[in-house]
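Presented below is the structure to which this report refers.
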Amino acid sequence: MIIVQEQDFDLQAEYSALREDSPAIGAIVTFTGLMRDFNQGDDVQSLFLEHYAGMTEKVLEKICAQARDRWSIQQIRLIHRVGELRPSDQIVFVGVSSAHRGDAFAACEFIMDFLKTQAPFWKREQTRDGDRWVDARQSDADAARRWQKD
Amino acid sequence: MIIVQEQDFDLQAEYSALREDSPAIGAIVTFTGLMRDFNQGDDVQSLFLEHYAGMTEKVLEKICAQARDRWSIQQIRLIHRVGELRPSDQIVFVGVSSAHRGDAFAACEFIMDFLKTQAPFWKREQTRDGDRWVDARQSDADAARRWQKD
Amino acid sequence: MINLLFFARLRDDLDCQQESLALPEEVTNVGQLRDLLCQRGDKWQQALNMPGLFVAVNQEVCDWNAELSGGEEVAFFPPVTGG
Amino acid sequence: MINLLFFARLRDDLDCQQESLALPEEVTNVGQLRDLLCQRGDKWQQALNMPGLFVAVNQEVCDWNAELSGGEEVAFFPPVTGG
């Protein structure tokens with residue numbers, strides 16, 4: 001399940017959907033990304049998240065399919081918000097269930113690392129000194145590169 | 001926060017406690033371990049979790065302290081249940097908040113890998129053919145060994 | 001005709017979100033399309049040479065050799081920053 | 001006097017959860033304590049030689065050279081299986 005939406009999401013509802021799926025599940029890993037009040041050295045008042053509708057969903061589907069190919073996974077739930085956000089707001093959720101914890105941890109982190117570097121979302125921050133587009137981070141590119149197989 | 005208890009726990013309450021802590025948090029990773037209905041080739045009807053009261057808490061404190069030394073973490077919440085459990089029951093929760101996702105993922109998985117190999121809990125399963133103590137897994141020992149620094 | 005899309009900083013810099021363009025006969029790949037757009041002046045030249053610029057044809061990221069035959073949706077955008 | 005504790009499969013095998021024991025003078029480490037207990041018979045000999053047996057002194061896992069001076073809590077247990 002992959003959703004791009006303006007509304008907030010409810011971790012408990014996502015977790016329940018993962019958990020109630022099957023008694024063969026032994027591990028559920030969730031990642032939630034929150035808006036920080038500080039970035040690139042400045043206080044941030046709000047954030048606007050833009051995306052390339054249509055392409056975003058395709059890229060996220062592809063990343064999740066790659067995770068399924070690589071690890072033994074029961075279910076994936078992925079939600080990414082767009083539009084206006086405030087500090088402490090939830091931005092993104094990735095939940096993965098599996099029989100074993102190693103698969104759930106790896107798949108969840110893999111999905112986030114590739115979402116960060118491949119999914120067409122862009123953040124514009126509002127600071128006291130005006131608006132600015134957030135710069136891509138080298139650390140995100142490095143994180144995605146770790147998953148390359150030899 | 002480290003708790004060993006018989007009662008069930010509420011993921012939403014733990015997540016809220018992690019999230020409301022500070023607007024500097026950018027990432028929350030949670031792991032939940034659930035009881036599977038199948039293990040070592042047999043259907044499992046129920047599980048009894050025994051522990052070494054006192055020592056358990058000390059070991060878990062030490063594992064969390066090691067995680068804090070190694071990664072930049074805001075908060076850790078860890079709950080492990082003991083006593084009688086049924087298939088699909090929640091067994092263990094580890095939640096980690098951090099400014100960045102890499103730290104939160106690594107610390108959460110590190111804590112689980114060492115909890116599995118060092119914390120004095122023991123599982124006794126009830127199957128159709130009677131009770132049995134669960135065997136330790138080589139895969140858990142291997143998972144913990146991955147974290148050794150060169 | 002191809003459908004051009006520009007996102008985020010690129011859209012702001014070019015003051016252009018979407019444009020329909022008749023493809024000249026000699027333009028057969030996205031690299032040539034970029035060169036054509038750069039001829040519009042400094043603003044375009046600068047924006048379409050930003051570090052890490054992505055191009056996607058029909059919503060799939062591709063390299064500058066990707067072929068165009070007309071009818072495609074071609075999107076230019078800066079490095080992504082979601083999550 | 002030391003306080004002996006046995007957990008899980010080990011407690012079942014020995015049919016003993018807890019025991020207070022006066023430490024003979026010649027027993028000064030946990031390895032010697034194990035040898036002493038093994039002299040009680042086959043059941044003890046077998047249980048205290050199980051693969052991966054742990055020993056903890058005052059709730060801290062240690063090796064068989066760990067010293068004992070009396071007053072300690074010494075726990076024997078099989079490999080852990082929580083989580």
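Letters A, B, ... go to the chains of the structure tokens in the order shown; residues in each chain start at 1; ligands are counted from 1 in the same order.
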Just the residues within 12 Å of range 6-16 of chain A, please, counting only C-alpha atoms, with nothing from its chain fewer than 6 positions along; format it as a short mmCIF file (atom, residue, chain, number, x, y, z; two decimals) with all heavy atoms, in the first residue's frame.
```cif
data_model
loop_
_atom_site.label_atom_id
_atom_site.label_comp_id
_atom_site.auth_asym_id
_atom_site.auth_seq_id
_atom_site.Cartn_x
_atom_site.Cartn_y
_atom_site.Cartn_z
N SER A 22 -1.44 -11.51 9.75
CA SER A 22 -1.14 -12.94 9.82
C SER A 22 -0.38 -13.29 11.09
O SER A 22 0.49 -12.54 11.52
CB SER A 22 -0.29 -13.33 8.60
OG SER A 22 0.46 -14.49 8.88
N ALA A 27 7.91 -9.84 13.30
CA ALA A 27 8.61 -8.56 13.43
C ALA A 27 7.93 -7.47 12.62
O ALA A 27 7.57 -7.68 11.47
CB ALA A 27 10.05 -8.73 12.93
N ILE A 28 7.75 -6.32 13.25
CA ILE A 28 7.26 -5.14 12.53
C ILE A 28 8.22 -3.99 12.82
O ILE A 28 8.46 -3.65 13.98
CB ILE A 28 5.83 -4.76 12.96
CG1 ILE A 28 4.86 -5.88 12.60
CG2 ILE A 28 5.41 -3.44 12.31
CD1 ILE A 28 3.43 -5.64 13.06
N VAL A 29 8.77 -3.40 11.75
CA VAL A 29 9.64 -2.23 11.89
C VAL A 29 8.92 -1.04 11.26
O VAL A 29 8.39 -1.16 10.15
CB VAL A 29 11.00 -2.44 11.23
CG1 VAL A 29 11.82 -1.15 11.23
CG2 VAL A 29 11.77 -3.53 11.96
N THR A 30 8.85 0.07 11.99
CA THR A 30 8.26 1.28 11.41
C THR A 30 9.28 2.41 11.43
O THR A 30 10.08 2.51 12.36
CB THR A 30 7.01 1.76 12.18
OG1 THR A 30 7.40 2.36 13.42
CG2 THR A 30 6.03 0.63 12.44
N PHE A 31 9.24 3.22 10.40
CA PHE A 31 10.00 4.47 10.38
C PHE A 31 9.02 5.61 10.21
O PHE A 31 8.14 5.54 9.35
CB PHE A 31 11.01 4.50 9.22
CG PHE A 31 11.64 5.85 9.07
CD1 PHE A 31 12.73 6.20 9.86
CD2 PHE A 31 11.13 6.80 8.19
CE1 PHE A 31 13.30 7.46 9.76
CE2 PHE A 31 11.69 8.06 8.09
CZ PHE A 31 12.77 8.40 8.87
N THR A 32 9.17 6.65 11.02
CA THR A 32 8.40 7.87 10.81
C THR A 32 9.36 9.04 10.72
O THR A 32 10.23 9.21 11.57
CB THR A 32 7.41 8.12 11.98
OG1 THR A 32 6.74 6.92 12.29
CG2 THR A 32 6.40 9.20 11.60
N GLY A 33 9.23 9.82 9.66
CA GLY A 33 10.02 11.03 9.49
C GLY A 33 9.19 12.22 9.93
O GLY A 33 8.03 12.35 9.57
N LEU A 34 9.80 13.08 10.77
CA LEU A 34 9.10 14.25 11.32
C LEU A 34 9.79 15.52 10.85
O LEU A 34 10.99 15.52 10.59
CB LEU A 34 9.15 14.20 12.85
CG LEU A 34 8.57 12.94 13.52
CD1 LEU A 34 8.95 12.92 14.98
CD2 LEU A 34 7.06 12.90 13.35
N PHE A 48 6.99 23.49 2.69
CA PHE A 48 6.04 23.09 1.65
C PHE A 48 6.64 21.94 0.86
O PHE A 48 7.77 22.03 0.38
CB PHE A 48 5.70 24.26 0.72
CG PHE A 48 4.61 23.90 -0.24
CD1 PHE A 48 3.27 24.03 0.14
CD2 PHE A 48 4.90 23.37 -1.49
CE1 PHE A 48 2.25 23.65 -0.73
CE2 PHE A 48 3.88 22.99 -2.36
CZ PHE A 48 2.56 23.13 -1.98
N LEU A 49 5.88 20.85 0.77
CA LEU A 49 6.35 19.67 0.05
C LEU A 49 5.65 19.56 -1.30
O LEU A 49 4.44 19.40 -1.37
CB LEU A 49 6.08 18.41 0.88
CG LEU A 49 7.33 17.79 1.48
CD1 LEU A 49 7.00 16.97 2.68
CD2 LEU A 49 8.06 16.95 0.44
N GLU A 50 6.45 19.67 -2.36
CA GLU A 50 5.94 19.55 -3.73
C GLU A 50 6.31 18.17 -4.27
O GLU A 50 7.30 17.58 -3.83
CB GLU A 50 6.64 20.63 -4.57
CG GLU A 50 6.36 20.56 -6.05
CD GLU A 50 7.07 21.68 -6.83
OE1 GLU A 50 7.38 22.74 -6.24
OE2 GLU A 50 7.32 21.47 -8.03
N HIS A 51 5.51 17.63 -5.18
CA HIS A 51 5.91 16.37 -5.81
C HIS A 51 5.45 16.30 -7.26
O HIS A 51 4.69 17.16 -7.72
CB HIS A 51 5.41 15.17 -5.00
CG HIS A 51 3.96 14.83 -5.22
ND1 HIS A 51 2.93 15.73 -5.04
CD2 HIS A 51 3.38 13.67 -5.62
CE1 HIS A 51 1.77 15.14 -5.30
NE2 HIS A 51 2.01 13.91 -5.66
N GLN A 75 4.39 -7.59 4.45
CA GLN A 75 3.62 -6.43 3.98
C GLN A 75 4.45 -5.15 4.09
O GLN A 75 5.28 -5.03 4.99
CB GLN A 75 2.35 -6.29 4.84
CG GLN A 75 1.11 -5.91 4.05
CD GLN A 75 -0.02 -5.42 4.95
OE1 GLN A 75 -0.48 -4.29 4.82
NE2 GLN A 75 -0.47 -6.26 5.87
N ILE A 76 4.18 -4.21 3.17
CA ILE A 76 4.78 -2.88 3.25
C ILE A 76 3.66 -1.85 3.24
O ILE A 76 2.74 -1.96 2.42
CB ILE A 76 5.69 -2.58 2.03
CG1 ILE A 76 6.81 -3.61 1.91
CG2 ILE A 76 6.28 -1.17 2.12
CD1 ILE A 76 7.64 -3.48 0.63
N ARG A 77 3.72 -0.87 4.12
CA ARG A 77 2.80 0.27 4.05
C ARG A 77 3.64 1.54 4.01
O ARG A 77 4.50 1.74 4.85
CB ARG A 77 1.84 0.29 5.25
CG ARG A 77 0.94 -0.94 5.26
CD ARG A 77 -0.01 -0.95 6.43
NE ARG A 77 -1.13 -0.04 6.27
CZ ARG A 77 -2.25 -0.36 5.64
NH1 ARG A 77 -2.41 -1.54 5.10
NH2 ARG A 77 -3.23 0.52 5.54
N LEU A 78 3.37 2.40 3.02
CA LEU A 78 4.18 3.60 2.82
C LEU A 78 3.24 4.80 2.60
O LEU A 78 2.38 4.75 1.71
CB LEU A 78 5.08 3.38 1.60
CG LEU A 78 6.28 4.30 1.37
CD1 LEU A 78 7.14 3.74 0.25
CD2 LEU A 78 5.89 5.71 1.04
N ILE A 79 3.43 5.83 3.40
CA ILE A 79 2.64 7.06 3.24
C ILE A 79 3.60 8.24 3.20
O ILE A 79 4.50 8.34 4.05
CB ILE A 79 1.67 7.27 4.43
CG1 ILE A 79 0.74 6.07 4.59
CG2 ILE A 79 0.85 8.55 4.24
CD1 ILE A 79 -0.14 6.14 5.83
N HIS A 80 3.44 9.12 2.22
CA HIS A 80 4.24 10.35 2.18
C HIS A 80 3.30 11.53 2.04
O HIS A 80 2.42 11.53 1.18
CB HIS A 80 5.22 10.31 1.01
CG HIS A 80 6.38 11.24 1.19
ND1 HIS A 80 6.23 12.61 1.28
CD2 HIS A 80 7.71 11.00 1.32
CE1 HIS A 80 7.44 13.17 1.45
NE2 HIS A 80 8.34 12.21 1.48
N ARG A 81 3.48 12.51 2.90
CA ARG A 81 2.62 13.70 2.81
C ARG A 81 3.20 14.74 1.87
O ARG A 81 4.40 14.80 1.65
CB ARG A 81 2.44 14.31 4.21
CG ARG A 81 1.61 13.41 5.10
CD ARG A 81 1.48 14.00 6.48
NE ARG A 81 0.63 15.18 6.47
CZ ARG A 81 0.52 16.00 7.50
NH1 ARG A 81 1.24 15.81 8.59
NH2 ARG A 81 -0.30 17.04 7.44
N VAL A 82 2.31 15.57 1.31
CA VAL A 82 2.71 16.72 0.50
C VAL A 82 1.93 17.94 1.00
O VAL A 82 1.00 17.81 1.80
CB VAL A 82 2.42 16.48 -1.01
CG1 VAL A 82 3.35 15.41 -1.57
CG2 VAL A 82 0.96 16.10 -1.23
N GLY A 83 2.34 19.12 0.54
CA GLY A 83 1.66 20.35 0.95
C GLY A 83 2.37 21.02 2.11
O GLY A 83 3.56 20.81 2.34
N GLU A 84 1.60 21.83 2.85
CA GLU A 84 2.14 22.67 3.92
C GLU A 84 2.34 21.86 5.22
O GLU A 84 1.41 21.19 5.67
CB GLU A 84 1.12 23.81 4.19
CG GLU A 84 1.66 24.99 4.94
CD GLU A 84 2.48 25.91 4.03
OE1 GLU A 84 2.22 25.93 2.81
OE2 GLU A 84 3.41 26.57 4.55
N LEU A 85 3.52 21.94 5.81
CA LEU A 85 3.79 21.23 7.06
C LEU A 85 4.45 22.16 8.08
O LEU A 85 5.12 23.12 7.70
CB LEU A 85 4.71 20.03 6.80
CG LEU A 85 4.15 18.92 5.91
CD1 LEU A 85 5.23 17.92 5.56
CD2 LEU A 85 2.98 18.23 6.58
N ARG A 86 4.27 21.83 9.36
CA ARG A 86 4.81 22.62 10.47
C ARG A 86 5.81 21.76 11.28
O ARG A 86 5.73 20.55 11.24
CB ARG A 86 3.67 23.05 11.41
CG ARG A 86 2.58 23.83 10.72
CD ARG A 86 2.63 25.30 11.12
NE ARG A 86 2.12 26.13 10.04
CZ ARG A 86 2.51 27.36 9.79
NH1 ARG A 86 3.44 27.94 10.54
NH2 ARG A 86 1.99 28.06 8.81
N SER A 88 7.50 19.41 13.86
CA SER A 88 6.98 18.23 14.56
C SER A 88 5.90 17.47 13.78
O SER A 88 5.47 16.41 14.21
CB SER A 88 6.45 18.56 15.97
OG SER A 88 7.52 18.91 16.82
N ASP A 89 5.45 18.02 12.64
CA ASP A 89 4.48 17.27 11.83
C ASP A 89 5.11 15.99 11.29
O ASP A 89 6.30 15.93 11.02
CB ASP A 89 4.02 18.11 10.63
CG ASP A 89 2.89 19.06 10.98
OD1 ASP A 89 2.39 19.02 12.12
OD2 ASP A 89 2.51 19.86 10.09
N GLN A 90 4.27 14.98 11.13
CA GLN A 90 4.70 13.75 10.48
C GLN A 90 4.81 13.99 8.97
O GLN A 90 3.93 14.60 8.37
CB GLN A 90 3.69 12.63 10.74
CG GLN A 90 3.50 12.34 12.22
CD GLN A 90 2.58 11.16 12.49
OE1 GLN A 90 2.97 10.21 13.14
NE2 GLN A 90 1.36 11.20 11.97
N ILE A 91 5.90 13.51 8.35
CA ILE A 91 6.10 13.69 6.91
C ILE A 91 5.92 12.37 6.18
O ILE A 91 5.24 12.29 5.17
CB ILE A 91 7.52 14.23 6.61
CG1 ILE A 91 7.74 15.58 7.30
CG2 ILE A 91 7.71 14.36 5.10
CD1 ILE A 91 9.17 16.11 7.16
N VAL A 92 6.58 11.32 6.69
CA VAL A 92 6.60 10.06 5.95
C VAL A 92 6.53 8.88 6.92
O VAL A 92 7.06 8.94 8.03
CB VAL A 92 7.88 9.98 5.06
CG1 VAL A 92 9.15 10.17 5.86
CG2 VAL A 92 7.96 8.68 4.27
N PHE A 93 5.86 7.81 6.48
CA PHE A 93 5.78 6.58 7.25
C PHE A 93 6.13 5.40 6.36
O PHE A 93 5.63 5.31 5.23
CB PHE A 93 4.36 6.38 7.79
CG PHE A 93 4.13 5.02 8.42
CD1 PHE A 93 4.47 4.80 9.75
CD2 PHE A 93 3.62 3.96 7.68
CE1 PHE A 93 4.30 3.55 10.33
CE2 PHE A 93 3.44 2.71 8.25
CZ PHE A 93 3.77 2.51 9.58
N VAL A 94 6.99 4.52 6.86
CA VAL A 94 7.24 3.24 6.20
C VAL A 94 7.13 2.15 7.26
O VAL A 94 7.81 2.20 8.28
CB VAL A 94 8.65 3.17 5.56
CG1 VAL A 94 8.85 1.81 4.88
CG2 VAL A 94 8.85 4.28 4.55
N GLY A 95 6.26 1.19 7.04
CA GLY A 95 6.09 0.07 7.96
C GLY A 95 6.28 -1.24 7.20
O GLY A 95 5.73 -1.40 6.10
N VAL A 96 7.08 -2.13 7.76
CA VAL A 96 7.36 -3.42 7.10
C VAL A 96 7.15 -4.55 8.11
O VAL A 96 7.66 -4.48 9.23
CB VAL A 96 8.82 -3.48 6.58
CG1 VAL A 96 9.11 -4.83 5.93
CG2 VAL A 96 9.09 -2.36 5.58
N SER A 97 6.41 -5.57 7.70
CA SER A 97 6.24 -6.76 8.54
C SER A 97 6.92 -7.95 7.88
O SER A 97 6.99 -8.03 6.66
CB SER A 97 4.76 -7.05 8.77
OG SER A 97 4.12 -7.29 7.54
N ASP B 10 1.15 -0.49 24.56
CA ASP B 10 0.41 0.26 23.55
C ASP B 10 1.39 1.04 22.69
O ASP B 10 1.98 2.02 23.11
CB ASP B 10 -0.56 1.20 24.26
CG ASP B 10 -1.33 2.09 23.29
OD1 ASP B 10 -1.33 1.79 22.09
OD2 ASP B 10 -1.91 3.08 23.74
N LEU B 11 1.56 0.57 21.45
CA LEU B 11 2.53 1.21 20.54
C LEU B 11 2.28 2.71 20.40
O LEU B 11 3.21 3.51 20.39
CB LEU B 11 2.45 0.56 19.15
CG LEU B 11 3.46 1.13 18.16
CD1 LEU B 11 4.68 0.22 18.05
CD2 LEU B 11 2.85 1.32 16.78
N GLN B 12 1.01 3.10 20.29
CA GLN B 12 0.67 4.51 20.09
C GLN B 12 1.17 5.37 21.26
O GLN B 12 1.71 6.46 21.06
CB GLN B 12 -0.85 4.67 19.95
CG GLN B 12 -1.31 6.11 19.72
CD GLN B 12 -0.79 6.69 18.41
OE1 GLN B 12 -0.87 6.05 17.37
NE2 GLN B 12 -0.23 7.90 18.46
N ALA B 13 1.01 4.86 22.48
CA ALA B 13 1.46 5.61 23.67
C ALA B 13 2.98 5.76 23.66
O ALA B 13 3.51 6.85 23.95
CB ALA B 13 1.00 4.90 24.95
N GLU B 14 3.68 4.70 23.29
CA GLU B 14 5.15 4.76 23.25
C GLU B 14 5.61 5.72 22.16
O GLU B 14 6.53 6.51 22.36
CB GLU B 14 5.72 3.36 22.99
CG GLU B 14 5.39 2.33 24.06
CD GLU B 14 5.68 2.86 25.45
OE1 GLU B 14 6.76 3.43 25.64
OE2 GLU B 14 4.82 2.73 26.33
N TYR B 15 4.98 5.63 21.00
CA TYR B 15 5.33 6.51 19.88
C TYR B 15 5.07 7.99 20.25
O TYR B 15 5.91 8.86 19.98
CB TYR B 15 4.52 6.12 18.65
CG TYR B 15 4.69 7.06 17.49
CD1 TYR B 15 5.88 7.10 16.77
CD2 TYR B 15 3.66 7.93 17.10
CE1 TYR B 15 6.05 7.96 15.70
CE2 TYR B 15 3.82 8.79 16.03
CZ TYR B 15 5.02 8.81 15.34
OH TYR B 15 5.17 9.68 14.29
N SER B 16 3.94 8.26 20.88
CA SER B 16 3.62 9.64 21.28
C SER B 16 4.67 10.18 22.24
O SER B 16 5.08 11.33 22.14
CB SER B 16 2.23 9.71 21.91
OG SER B 16 1.26 9.33 20.97
N ARG B 19 7.68 11.06 20.27
CA ARG B 19 7.48 12.16 19.32
C ARG B 19 7.35 13.51 20.01
O ARG B 19 7.83 14.52 19.48
CB ARG B 19 6.21 11.86 18.52
CG ARG B 19 5.94 12.90 17.46
CD ARG B 19 4.69 12.59 16.68
NE ARG B 19 4.30 13.76 15.92
CZ ARG B 19 3.13 13.89 15.32
NH1 ARG B 19 2.24 12.92 15.39
NH2 ARG B 19 2.84 14.99 14.66
N ILE B 28 11.92 8.56 13.90
CA ILE B 28 11.56 7.60 14.95
C ILE B 28 11.48 6.23 14.31
O ILE B 28 10.74 6.03 13.35
CB ILE B 28 10.22 7.95 15.63
CG1 ILE B 28 10.33 9.31 16.34
CG2 ILE B 28 9.80 6.85 16.61
CD1 ILE B 28 9.03 9.78 16.96
N VAL B 29 12.27 5.29 14.84
CA VAL B 29 12.22 3.90 14.37
C VAL B 29 11.68 3.05 15.51
O VAL B 29 12.13 3.18 16.65
CB VAL B 29 13.60 3.39 13.93
CG1 VAL B 29 13.58 1.90 13.61
CG2 VAL B 29 14.09 4.17 12.70
N THR B 30 10.70 2.21 15.20
CA THR B 30 10.18 1.29 16.22
C THR B 30 10.32 -0.14 15.72
O THR B 30 10.18 -0.42 14.54
CB THR B 30 8.69 1.53 16.54
OG1 THR B 30 7.88 1.03 15.47
CG2 THR B 30 8.39 3.00 16.79
N PHE B 31 10.63 -1.02 16.67
CA PHE B 31 10.60 -2.46 16.40
C PHE B 31 9.61 -3.10 17.35
O PHE B 31 9.63 -2.81 18.55
CB PHE B 31 11.96 -3.11 16.61
CG PHE B 31 11.89 -4.60 16.53
CD1 PHE B 31 11.92 -5.24 15.30
CD2 PHE B 31 11.73 -5.38 17.67
CE1 PHE B 31 11.80 -6.62 15.20
CE2 PHE B 31 11.61 -6.76 17.59
CZ PHE B 31 11.65 -7.39 16.35
N THR B 32 8.72 -3.95 16.83
CA THR B 32 7.85 -4.73 17.69
C THR B 32 8.02 -6.20 17.33
O THR B 32 7.95 -6.57 16.16
CB THR B 32 6.38 -4.33 17.51
OG1 THR B 32 6.26 -2.92 17.53
CG2 THR B 32 5.53 -4.92 18.64
N SER B 88 0.40 -14.10 18.01
CA SER B 88 0.12 -12.71 17.63
C SER B 88 0.26 -11.71 18.79
O SER B 88 0.15 -10.51 18.55
CB SER B 88 -1.26 -12.53 16.99
OG SER B 88 -1.28 -13.17 15.73
N GLN B 90 2.04 -9.24 21.37
CA GLN B 90 3.25 -8.43 21.36
C GLN B 90 4.20 -8.95 22.44
O GLN B 90 3.78 -9.20 23.57
CB GLN B 90 2.92 -6.97 21.63
CG GLN B 90 1.94 -6.37 20.61
CD GLN B 90 1.71 -4.89 20.82
OE1 GLN B 90 1.93 -4.10 19.91
NE2 GLN B 90 1.26 -4.51 22.00
#
```
>> Should the cut-off be 12 Å, what would the residue list for chain C against chain A look like, counting only C-alpha atoms, as a VMD selection string?
In response: chain C and resid 5 to 13 17 51 to 61 73 to 83
> To one decimal place, how far is CA of Asn49 in chain D from CA of Leu68 in chain D in Å?
Replying inline: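 Separation between CA of Asn49 in chain D and CA of Leu68 in chain D: 20.0 Å.
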> If we count only C-alpha atoms, what is near Ala99 in chain B at a cut-off of 7 Å, once residues fewer than 3 positions away on the same chain are taken out, given as a PyMOL selection string?
Replying inline: chain B and resi 24-27
I need the residues in range 17-77 of chain C that are strand (DSSP E or B) according to DSSP; give them as a compact mmCIF listing (two decimals) with N, CA, C and O atoms, in the first residue's frame.
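Below is the file that was written, out.txt:
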```txt
# COMPACT_ATOMS: atom_id res chain seq x y z
N GLN C 18 4.81 24.41 -17.08
CA GLN C 18 4.41 23.44 -18.11
C GLN C 18 4.41 24.15 -19.46
O GLN C 18 4.10 25.33 -19.55
N GLU C 19 4.76 23.42 -20.49
CA GLU C 19 4.79 24.00 -21.84
C GLU C 19 4.63 22.89 -22.87
O GLU C 19 5.20 21.82 -22.73
N SER C 20 3.83 23.16 -23.91
CA SER C 20 3.75 22.22 -25.04
C SER C 20 4.66 22.73 -26.13
O SER C 20 4.68 23.92 -26.42
N LEU C 21 5.44 21.83 -26.71
CA LEU C 21 6.46 22.24 -27.67
C LEU C 21 6.42 21.32 -28.89
O LEU C 21 6.41 20.10 -28.75
N ASN C 29 16.72 13.42 -29.28
CA ASN C 29 16.92 12.88 -27.92
C ASN C 29 16.87 14.03 -26.89
O ASN C 29 16.85 15.22 -27.26
N PHE C 54 17.99 16.38 -13.12
CA PHE C 54 17.39 15.12 -13.60
C PHE C 54 16.51 15.38 -14.81
O PHE C 54 15.91 16.46 -14.91
N VAL C 55 16.42 14.40 -15.68
CA VAL C 55 15.40 14.46 -16.72
C VAL C 55 14.65 13.12 -16.72
O VAL C 55 15.24 12.06 -16.54
N ALA C 56 13.33 13.21 -16.85
CA ALA C 56 12.49 12.00 -16.89
C ALA C 56 11.64 12.04 -18.16
O ALA C 56 11.08 13.08 -18.50
N VAL C 57 11.60 10.91 -18.86
CA VAL C 57 10.73 10.80 -20.03
C VAL C 57 9.60 9.83 -19.69
O VAL C 57 9.86 8.72 -19.24
N GLU C 60 9.88 8.39 -16.17
CA GLU C 60 10.98 7.51 -15.80
C GLU C 60 12.30 8.26 -16.01
O GLU C 60 12.54 8.80 -17.11
N VAL C 61 13.14 8.30 -14.97
CA VAL C 61 14.41 9.01 -15.07
C VAL C 61 15.26 8.37 -16.16
O VAL C 61 15.31 7.14 -16.27
N GLU C 67 15.86 8.64 -26.35
CA GLU C 67 15.26 9.12 -27.61
C GLU C 67 13.89 9.74 -27.44
O GLU C 67 13.12 9.37 -26.56
N GLU C 73 6.05 12.94 -22.43
CA GLU C 73 6.07 13.90 -21.33
C GLU C 73 7.52 13.96 -20.85
O GLU C 73 8.07 12.93 -20.43
N VAL C 74 8.13 15.14 -20.95
CA VAL C 74 9.54 15.28 -20.54
C VAL C 74 9.62 16.23 -19.35
O VAL C 74 9.16 17.38 -19.44
N ALA C 75 10.16 15.75 -18.23
CA ALA C 75 10.23 16.58 -17.02
C ALA C 75 11.67 16.84 -16.64
O ALA C 75 12.51 15.94 -16.67
N PHE C 76 11.97 18.10 -16.32
CA PHE C 76 13.29 18.47 -15.79
C PHE C 76 13.11 18.84 -14.32
O PHE C 76 12.17 19.55 -13.98
N PHE C 77 14.02 18.34 -13.46
CA PHE C 77 13.91 18.72 -12.04
C PHE C 77 15.24 18.60 -11.30
O PHE C 77 16.13 17.85 -11.72
```
